[in-house]
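Data from start.pdb: PDB, C-alpha atoms and all ligand atoms
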ATOM      1  CA  MET A 295    -208.888 174.919 134.314
ATOM      2  CA  SER A 296    -207.152 172.364 132.117
ATOM      3  CA  GLU A 297    -208.572 168.844 131.992
ATOM      4  CA  ARG A 298    -207.119 166.181 134.258
ATOM      5  CA  ARG A 299    -204.690 163.854 132.473
ATOM      6  CA  LEU A 300    -205.610 160.161 132.304
ATOM      7  CA  ARG A 301    -202.912 157.486 132.699
ATOM      8  CA  VAL A 302    -203.869 153.850 132.141
ATOM      9  CA  PHE A 303    -201.862 150.878 133.449
ATOM     10  CA  PHE A 304    -202.507 147.337 132.189
ATOM     11  CA  GLY A 305    -201.430 144.962 134.945
ATOM     12  CA  GLY A 306    -200.547 141.309 134.435
ATOM     13  CA  THR A 307    -197.933 138.614 134.525
ATOM     14  CA  PHE A 308    -197.539 138.541 130.742
ATOM     15  CA  ASP A 309    -195.902 135.096 130.776
ATOM     16  CA  PRO A 310    -195.857 135.580 127.822
ATOM     17  CA  VAL A 311    -197.704 138.581 126.382
ATOM     18  CA  HIS A 312    -200.082 137.312 123.661
ATOM     19  CA  ARG A 313    -202.308 138.654 120.902
ATOM     20  CA  GLY A 314    -205.322 138.712 123.270
ATOM     21  CA  HIS A 315    -203.485 141.161 125.558
ATOM     22  CA  LEU A 316    -202.530 143.349 122.598
ATOM     23  CA  ALA A 317    -206.063 143.376 121.165
ATOM     24  CA  ALA A 318    -207.501 144.224 124.595
ATOM     25  CA  ALA A 319    -204.961 147.038 124.997
ATOM     26  CA  GLU A 320    -205.854 148.425 121.562
ATOM     27  CA  ASP A 321    -209.592 148.291 122.335
ATOM     28  CA  ALA A 322    -209.063 149.977 125.699
ATOM     29  CA  TYR A 323    -206.826 152.651 124.187
ATOM     30  CA  GLU A 324    -209.445 153.402 121.567
ATOM     31  CA  ALA A 325    -212.277 153.615 124.117
ATOM     32  CA  LEU A 326    -210.434 155.575 126.814
ATOM     33  CA  GLN A 327    -208.248 157.886 124.686
ATOM     34  CA  PRO A 328    -205.751 158.230 127.553
ATOM     35  CA  ASP A 329    -202.794 160.608 127.728
ATOM     36  CA  ALA A 330    -200.534 157.672 128.572
ATOM     37  CA  PHE A 331    -200.903 153.881 128.412
ATOM     38  CA  SER A 332    -198.442 151.477 130.031
ATOM     39  CA  PHE A 333    -198.231 147.736 130.432
ATOM     40  CA  LEU A 334    -197.422 146.986 134.068
ATOM     41  CA  PRO A 335    -195.737 143.574 134.289
ATOM     42  CA  ALA A 336    -195.698 141.920 137.710
ATOM     43  CA  GLY A 337    -192.351 141.156 139.274
ATOM     44  CA  ASP A 338    -193.033 138.328 141.656
ATOM     45  CA  PRO A 339    -196.763 137.588 141.538
ATOM     46  CA  PRO A 340    -197.991 136.942 145.102
ATOM     47  CA  HIS A 341    -200.983 134.857 144.003
ATOM     48  CA  ARG A 342    -198.921 132.363 142.017
ATOM     49  CA  ARG A 343    -196.185 129.899 142.875
ATOM     50  CA  GLY A 344    -193.867 131.653 140.470
ATOM     51  CA  THR A 345    -193.566 132.479 136.832
ATOM     52  CA  PHE A 346    -192.497 130.203 133.996
ATOM     53  CA  SER A 347    -189.936 132.616 132.561
ATOM     54  CA  THR A 348    -187.756 135.210 134.274
ATOM     55  CA  ALA A 349    -188.790 138.832 134.797
ATOM     56  CA  GLU A 350    -186.159 139.878 132.219
ATOM     57  CA  GLN A 351    -187.552 137.460 129.633
ATOM     58  CA  ARG A 352    -191.158 138.570 130.226
ATOM     59  CA  LEU A 353    -190.076 142.187 129.941
ATOM     60  CA  HIS A 354    -188.122 141.527 126.766
ATOM     61  CA  MET A 355    -191.132 139.813 125.159
ATOM     62  CA  LEU A 356    -193.335 142.769 126.111
ATOM     63  CA  GLN A 357    -190.810 145.125 124.485
ATOM     64  CA  LEU A 358    -190.824 143.029 121.292
ATOM     65  CA  ALA A 359    -194.637 142.810 121.226
ATOM     66  CA  THR A 360    -195.324 146.496 121.861
ATOM     67  CA  ASP A 361    -192.553 147.839 119.619
ATOM     68  CA  PRO A 362    -194.961 148.525 116.695
ATOM     69  CA  TRP A 363    -197.167 150.698 118.971
ATOM     70  CA  PRO A 364    -195.479 153.952 119.998
ATOM     71  CA  GLU A 365    -198.472 154.745 122.246
ATOM     72  CA  PHE A 366    -197.790 151.666 124.414
ATOM     73  CA  ALA A 367    -195.150 152.076 127.130
ATOM     74  CA  ILE A 368    -193.943 149.604 129.762
ATOM     75  CA  ASP A 369    -193.749 150.557 133.418
ATOM     76  CA  GLU A 370    -191.027 148.452 135.039
ATOM     77  CA  ARG A 371    -191.561 149.439 138.673
ATOM     78  CA  GLU A 372    -192.919 146.067 139.834
ATOM     79  CA  MET A 373    -189.977 144.287 138.238
ATOM     80  CA  GLN A 374    -187.467 146.601 139.874
ATOM     81  CA  ARG A 375    -188.914 146.156 143.329
ATOM     82  CA  SER A 376    -187.826 143.158 145.360
ATOM     83  CA  GLY A 377    -190.451 141.077 147.141
ATOM     84  CA  PRO A 378    -194.046 140.447 146.132
ATOM     85  CA  SER A 379    -195.773 142.716 143.603
ATOM     86  CA  TRP A 380    -198.601 143.997 145.805
ATOM     87  CA  MET A 381    -200.834 146.132 143.604
ATOM     88  CA  SER A 382    -201.635 148.436 146.538
ATOM     89  CA  VAL A 383    -197.920 149.281 146.850
ATOM     90  CA  THR A 384    -197.600 149.787 143.104
ATOM     91  CA  LEU A 385    -200.606 152.102 142.913
ATOM     92  CA  ALA A 386    -199.362 154.075 145.932
ATOM     93  CA  SER A 387    -196.069 154.586 144.155
ATOM     94  CA  LEU A 388    -197.848 155.689 140.962
ATOM     95  CA  ARG A 389    -200.066 158.024 142.991
ATOM     96  CA  ALA A 390    -196.962 159.590 144.587
ATOM     97  CA  GLU A 391    -195.416 160.111 141.167
ATOM     98  CA  PHE A 392    -198.586 161.526 139.549
ATOM     99  CA  PRO A 393    -200.460 163.229 142.395
ATOM    100  CA  ARG A 394    -202.993 165.132 140.274
ATOM    101  CA  ASP A 395    -203.621 162.783 137.327
ATOM    102  CA  ALA A 396    -206.468 160.332 136.955
ATOM    103  CA  LEU A 397    -204.935 156.868 137.197
ATOM    104  CA  ALA A 398    -206.734 153.776 135.897
ATOM    105  CA  LEU A 399    -205.771 150.163 136.413
ATOM    106  CA  LEU A 400    -206.941 147.974 133.545
ATOM    107  CA  LEU A 401    -207.678 144.371 134.402
ATOM    108  CA  GLY A 402    -209.649 141.440 133.069
ATOM    109  CA  GLN A 403    -213.022 140.422 134.466
ATOM    110  CA  ASP A 404    -211.506 137.239 135.945
ATOM    111  CA  ALA A 405    -208.867 139.248 137.786
ATOM    112  CA  PHE A 406    -211.502 141.747 138.976
ATOM    113  CA  ASN A 407    -213.800 138.984 140.277
ATOM    114  CA  SER A 408    -210.983 137.784 142.531
ATOM    115  CA  LEU A 409    -210.190 141.281 143.846
ATOM    116  CA  PRO A 410    -211.310 140.654 147.472
ATOM    117  CA  GLY A 411    -208.488 138.087 147.698
ATOM    118  CA  TRP A 412    -205.850 140.713 146.889
ATOM    119  CA  HIS A 413    -203.637 142.228 149.579
ATOM    120  CA  GLU A 414    -205.169 145.517 150.898
ATOM    121  CA  TRP A 415    -207.752 145.429 148.108
ATOM    122  CA  ARG A 416    -209.912 148.168 149.600
ATOM    123  CA  GLN A 417    -207.006 150.575 149.124
ATOM    124  CA  LEU A 418    -206.987 150.092 145.360
ATOM    125  CA  PRO A 419    -209.963 152.327 144.435
ATOM    126  CA  GLU A 420    -208.648 154.984 146.814
ATOM    127  CA  LEU A 421    -205.546 155.172 144.627
ATOM    128  CA  ALA A 422    -206.853 154.591 141.093
ATOM    129  CA  HIS A 423    -209.902 153.904 138.982
ATOM    130  CA  LEU A 424    -210.431 150.292 137.941
ATOM    131  CA  VAL A 425    -211.346 149.582 134.322
ATOM    132  CA  ILE A 426    -212.649 146.059 133.856
ATOM    133  CA  LEU A 427    -212.265 144.369 130.493
ATOM    134  CA  SER A 428    -215.359 142.262 130.006
ATOM    135  CA  ARG A 429    -215.499 139.772 127.244
ATOM    136  CA  PRO A 430    -219.089 139.197 126.071
ATOM    137  CA  GLY A 431    -220.708 136.310 127.951
ATOM    138  CA  GLU A 432    -218.266 136.480 130.874
ATOM    139  CA  THR A 433    -219.820 136.113 134.308
ATOM    140  CA  ARG A 434    -219.849 139.017 136.680
ATOM    141  CA  ASP A 435    -219.724 136.767 139.672
ATOM    142  CA  TYR A 436    -218.982 139.195 142.466
ATOM    143  CA  PRO A 437    -218.666 138.273 146.111
ATOM    144  CA  VAL A 438    -221.024 140.410 148.248
ATOM    145  CA  SER A 439    -218.236 142.729 149.419
ATOM    146  CA  LEU A 440    -217.310 143.529 145.835
ATOM    147  CA  ALA A 441    -220.914 143.852 144.615
ATOM    148  CA  ALA A 442    -221.451 146.680 147.120
ATOM    149  CA  GLU A 443    -218.388 148.494 145.789
ATOM    150  CA  VAL A 444    -219.520 148.023 142.191
ATOM    151  CA  GLU A 445    -222.891 149.496 143.118
ATOM    152  CA  ALA A 446    -221.320 152.540 144.751
ATOM    153  CA  ARG A 447    -218.496 153.190 142.318
ATOM    154  CA  GLY A 448    -219.754 151.999 138.922
ATOM    155  CA  ILE A 449    -219.809 154.347 135.931
ATOM    156  CA  ASP A 450    -220.512 153.605 132.283
ATOM    157  CA  GLU A 451    -218.952 156.552 130.486
ATOM    158  CA  PRO A 452    -215.148 156.670 129.922
ATOM    159  CA  SER A 453    -215.064 160.493 129.969
ATOM    160  CA  LEU A 454    -216.119 160.405 133.652
ATOM    161  CA  LEU A 455    -212.696 158.945 134.525
ATOM    162  CA  ARG A 456    -211.150 162.384 134.137
ATOM    163  CA  GLN A 457    -213.542 163.931 136.649
ATOM    164  CA  SER A 458    -211.728 162.434 139.616
ATOM    165  CA  ALA A 459    -208.250 161.087 140.255
ATOM    166  CA  ALA A 460    -209.460 157.668 141.477
ATOM    167  CA  GLY A 461    -212.436 155.768 142.876
ATOM    168  CA  ARG A 462    -214.550 154.707 139.885
ATOM    169  CA  PHE A 463    -215.182 151.278 138.341
ATOM    170  CA  LEU A 464    -215.761 151.252 134.585
ATOM    171  CA  PRO A 465    -216.721 148.059 132.723
ATOM    172  CA  LEU A 466    -215.435 148.052 129.164
ATOM    173  CA  THR A 467    -216.770 145.538 126.668
ATOM    174  CA  ILE A 468    -214.043 144.422 124.317
ATOM    175  CA  CYS A 469    -213.831 142.250 121.251
ATOM    176  CA  PRO A 470    -213.147 138.728 122.558
ATOM    177  CA  HIS A 471    -209.934 136.858 121.725
ATOM    178  CA  ALA A 472    -209.980 133.481 123.423
ATOM    179  CA  ILE A 473    -206.227 133.352 124.076
ATOM    180  CA  SER A 474    -204.432 132.855 127.379
ATOM    181  CA  SER A 475    -200.778 132.606 128.348
ATOM    182  CA  THR A 476    -201.568 129.098 129.579
ATOM    183  CA  GLU A 477    -202.566 128.129 126.042
ATOM    184  CA  VAL A 478    -199.444 129.759 124.599
ATOM    185  CA  ARG A 479    -197.231 127.773 126.982
ATOM    186  CA  ALA A 480    -199.004 124.584 125.920
ATOM    187  CA  GLN A 481    -198.420 125.299 122.218
ATOM    188  CA  VAL A 482    -194.659 125.937 122.189
ATOM    189  CA  GLY A 483    -194.013 122.727 120.293
ATOM    190  CA  ASP A 484    -196.121 123.865 117.312
ATOM    191  CA  PRO A 485    -194.489 126.842 115.517
ATOM    192  CA  ALA A 486    -197.516 127.637 113.336
ATOM    193  CA  ALA A 487    -200.032 127.489 116.202
ATOM    194  CA  LEU A 488    -197.685 129.541 118.385
ATOM    195  CA  ARG A 489    -197.663 132.341 115.816
ATOM    196  CA  THR A 490    -201.460 132.574 115.833
ATOM    197  CA  LEU A 491    -201.274 133.247 119.594
ATOM    198  CA  VAL A 492    -198.264 135.567 119.927
ATOM    199  CA  THR A 493    -196.592 137.968 117.499
ATOM    200  CA  GLU A 494    -193.752 136.735 115.300
ATOM    201  CA  PRO A 495    -190.882 138.377 117.276
ATOM    202  CA  VAL A 496    -192.271 136.930 120.541
ATOM    203  CA  ALA A 497    -192.572 133.457 118.971
ATOM    204  CA  ASP A 498    -188.972 133.730 117.706
ATOM    205  CA  PHE A 499    -187.787 134.740 121.191
ATOM    206  CA  ILE A 500    -189.655 131.832 122.836
ATOM    207  CA  GLU A 501    -188.025 129.405 120.417
ATOM    208  CA  GLN A 502    -184.525 130.903 120.611
ATOM    209  CA  HIS A 503    -184.549 130.710 124.404
ATOM    210  CA  ALA A 504    -186.394 127.382 124.580
ATOM    211  CA  LEU A 505    -188.991 128.863 126.941
ATOM    212  CA  TYR A 506    -191.941 126.908 128.347
ATOM    213  CA  GLN A 507    -190.519 123.477 127.490
ATOM    214  CA  ARG A 508    -191.830 120.789 129.794
TER
HETATM  215  P1  LIG A 601    -202.540 132.772 132.420
HETATM  216  O1  LIG A 601    -203.139 131.913 131.349
HETATM  217  O2  LIG A 601    -201.104 132.392 132.736
HETATM  218  O3  LIG A 601    -203.394 132.896 133.635
HETATM  219  P2  LIG A 601    -203.362 135.283 131.108
HETATM  220  O4  LIG A 601    -203.457 134.979 129.651
HETATM  221  O5  LIG A 601    -204.632 135.446 131.869
HETATM  222  O6  LIG A 601    -202.371 134.246 131.817
HETATM  223  P3  LIG A 601    -202.188 137.549 132.469
HETATM  224  O7  LIG A 601    -200.815 138.089 132.309
HETATM  225  O8  LIG A 601    -202.525 136.884 133.751
HETATM  226  O9  LIG A 601    -202.458 136.570 131.225
HETATM  227  O10 LIG A 601    -203.242 138.651 132.113
HETATM  228  C1  LIG A 601    -203.072 140.031 132.343
HETATM  229  C2  LIG A 601    -204.439 140.674 132.270
HETATM  230  O11 LIG A 601    -204.979 140.520 130.961
HETATM  231  C3  LIG A 601    -205.444 140.024 133.238
HETATM  232  O12 LIG A 601    -206.199 141.073 133.832
HETATM  233  C4  LIG A 601    -206.307 139.159 132.322
HETATM  234  O13 LIG A 601    -207.630 139.059 132.801
HETATM  235  C5  LIG A 601    -206.265 139.917 131.008
HETATM  236  N1  LIG A 601    -206.360 139.033 129.836
HETATM  237  C6  LIG A 601    -205.705 137.876 129.634
HETATM  238  N2  LIG A 601    -206.016 137.336 128.441
HETATM  239  C7  LIG A 601    -206.907 138.174 127.874
HETATM  240  C8  LIG A 601    -207.626 138.167 126.614
HETATM  241  N3  LIG A 601    -207.513 137.169 125.718
HETATM  242  N4  LIG A 601    -208.450 139.205 126.370
HETATM  243  C9  LIG A 601    -208.589 140.198 127.292
HETATM  244  N5  LIG A 601    -207.953 140.274 128.477
HETATM  245  C10 LIG A 601    -207.123 139.276 128.777
END

Could the structure of this file be written out as structure tokens, please?
Amino acid sequence: MSERRLRVFFGGTFDPVHRGHLAAAEDAYEALQPDAFSFLPAGDPPHRRGTFSTAEQRLHMLQLATDPWPEFAIDEREMQRSGPSWMSVTLASLRAEFPRDALALLLGQDAFNSLPGWHEWRQLPELAHLVILSRPGETRDYPVSLAAEVEARGIDEPSLLRQSAAGRFLPLTICPHAISSTEVRAQVGDPAALRTLVTEPVADFIEQHALYQR
């Protein structure tokens, strides 16, 4: 029997995508050796008031940033759907499209810690594996409901992801890059600082479109 394919999806708002996201994606790609790797930008994030740039602008910046990496794709389904970007709906749609493949949602430790606040969160591991990017020193501050799931579903070996289509939690320690989109938005007035946080084409785009000006 041929081995199950592994498809990884890196979810986020990417407002804008920064060098920390790209480094994390590279580390995860290296560790997981997936058959496919896609950034999964949120359309209308339900847990936020809104985004600072439009979906089209966020998508365009992701295209500019990932252009040098042929192994990185962008899955636009959350942007094409109207209404809130519930992850349970997104994963159900991915599951319908790839019924036999192992699917893995990649997310940061901070996002994972807040999982019990997500819409229909208990559905998520039924639909995909969760791979949690932990930066050294980050707290694994789980609410009790999540700690029980971690206990039951945790694995520590990436190759085990291909043994089932969904249902496992894998922590992945990555090289830390202390960059956030919040910091990028705060640095738009400083061209040199901006370019240490985002790639050159993304910085050019931010400046040309006067994004994130207060
Ligand atoms: P904001 O500052 O607006 O909250 P962010 O930098 O956290 O944004 P998101 O688009 O919310 O960016 O992040 C997408 C995913 O990437 C999340 O799961 C987040 O935890 C993770 N992430 C963000 N920054 C980093 C980083 N520097 N290293 C590793 N993972 C990161």

Just want the 8 Å neighbourhood of stretch 387-399 of chain A, counted on all atoms listed in the file, with same-chain residues fewer than 4 positions away dropped. Output as a PDB file with C-alpha atoms, in the frame of the given file.
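Just written: out-v7.pdb:
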ATOM      1  CA  ARG A 298    -207.119 166.181 134.258  1.00  0.00           C
ATOM      2  CA  ARG A 299    -204.690 163.854 132.473  1.00  0.00           C
ATOM      3  CA  LEU A 300    -205.610 160.161 132.304  1.00  0.00           C
ATOM      4  CA  ARG A 301    -202.912 157.486 132.699  1.00  0.00           C
ATOM      5  CA  VAL A 302    -203.869 153.850 132.141  1.00  0.00           C
ATOM      6  CA  PHE A 303    -201.862 150.878 133.449  1.00  0.00           C
ATOM      7  CA  PHE A 304    -202.507 147.337 132.189  1.00  0.00           C
ATOM      8  CA  GLY A 305    -201.430 144.962 134.945  1.00  0.00           C
ATOM      9  CA  VAL A 383    -197.920 149.281 146.850  1.00  0.00           C
ATOM     10  CA  LEU A 421    -205.546 155.172 144.627  1.00  0.00           C
ATOM     11  CA  ALA A 422    -206.853 154.591 141.093  1.00  0.00           C
ATOM     12  CA  HIS A 423    -209.902 153.904 138.982  1.00  0.00           C
ATOM     13  CA  LEU A 424    -210.431 150.292 137.941  1.00  0.00           C
ATOM     14  CA  VAL A 425    -211.346 149.582 134.322  1.00  0.00           C
ATOM     15  CA  LEU A 455    -212.696 158.945 134.525  1.00  0.00           C
ATOM     16  CA  ARG A 456    -211.150 162.384 134.137  1.00  0.00           C
ATOM     17  CA  GLN A 457    -213.542 163.931 136.649  1.00  0.00           C
ATOM     18  CA  SER A 458    -211.728 162.434 139.616  1.00  0.00           C
ATOM     19  CA  ALA A 459    -208.250 161.087 140.255  1.00  0.00           C
ATOM     20  CA  ALA A 460    -209.460 157.668 141.477  1.00  0.00           C
TER      21      ALA A 460
END

Sort by chain and increasing residue number a table of all residues of chain A within 7 Å of ligand LIG 601 (chain A), each with its closest pair of atoms and their distance in Å to one decimal, counting only C-alpha atoms and all ligand atoms, and write it as CSV.
residue,atom,partner,partner_atom,distance
A:Phe304,CA,A:LIG601,C2,6.9
A:Gly305,CA,A:LIG601,C1,5.8
A:Gly306,CA,A:LIG601,C1,3.5
A:Thr307,CA,A:LIG601,O7,3.7
A:Phe308,CA,A:LIG601,O7,3.7
A:Asp309,CA,A:LIG601,O7,6.0
A:Val311,CA,A:LIG601,O7,6.7
A:Gly314,CA,A:LIG601,N3,3.6
A:His315,CA,A:LIG601,C7,5.1
A:Ala318,CA,A:LIG601,C9,5.0
A:Leu400,CA,A:LIG601,O12,6.9
A:Leu401,CA,A:LIG601,O12,3.7
A:Gly402,CA,A:LIG601,O13,3.1
A:Gln403,CA,A:LIG601,O13,5.8
A:Asp404,CA,A:LIG601,O13,5.3
A:Ala405,CA,A:LIG601,O12,5.1
A:Leu427,CA,A:LIG601,N5,6.3
A:Arg429,CA,A:LIG601,C9,6.9
A:Pro470,CA,A:LIG601,N4,6.1
A:His471,CA,A:LIG601,N3,4.7
A:Ala472,CA,A:LIG601,N3,5.0
A:Ile473,CA,A:LIG601,N3,4.3
A:Ser474,CA,A:LIG601,O4,3.3
A:Ser475,CA,A:LIG601,O4,3.8
A:Thr476,CA,A:LIG601,O1,3.7
A:Glu477,CA,A:LIG601,O1,6.5

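Closest approach to A:Pro452 among A:Glu420, A:Glu365, A:Glu324, A:Glu297 is made by A:Glu324 (distances from all atoms listed in the file).
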
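Proximity ranking of A:Pro378, A:Pro437, A:Pro419, A:Pro410 relative to A:Gly461 places A:Pro419 first, based on all atoms listed in the file.
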
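Of the listed residues (A:Phe463, A:Phe406, A:Trp380, A:Tyr506), A:Phe406 comes nearest to A:Arg434; the distances count all atoms listed in the file.
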
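Nearest to A:Pro328 of all the residues A:Ala486, A:Ser428, A:Ser453, A:Gln374 is A:Ser453, based on all atoms listed in the file.
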
Legend entry - Atom pair atom CA of A:Gln417 / atom CA of A:Ser382: separation (Å): 6.3 Å

Inset, instruction - Can you give me, as a ChimeraX atom specification, the residues this file yields under the PyMOL selection byres (((chain A and resi 351) around 10) and not hetatm)? - result: /A:309-310,346-350,352-357,499-500,503,505

Inset, instruction - Select all residues near (-217.8, 152.7, 138.5) (cut-off 7 Å, inclusive, file coordinates), counting only C-alpha atoms, and output them as a ChimeraX atom specification. - result: /A:444,447-450,462-464
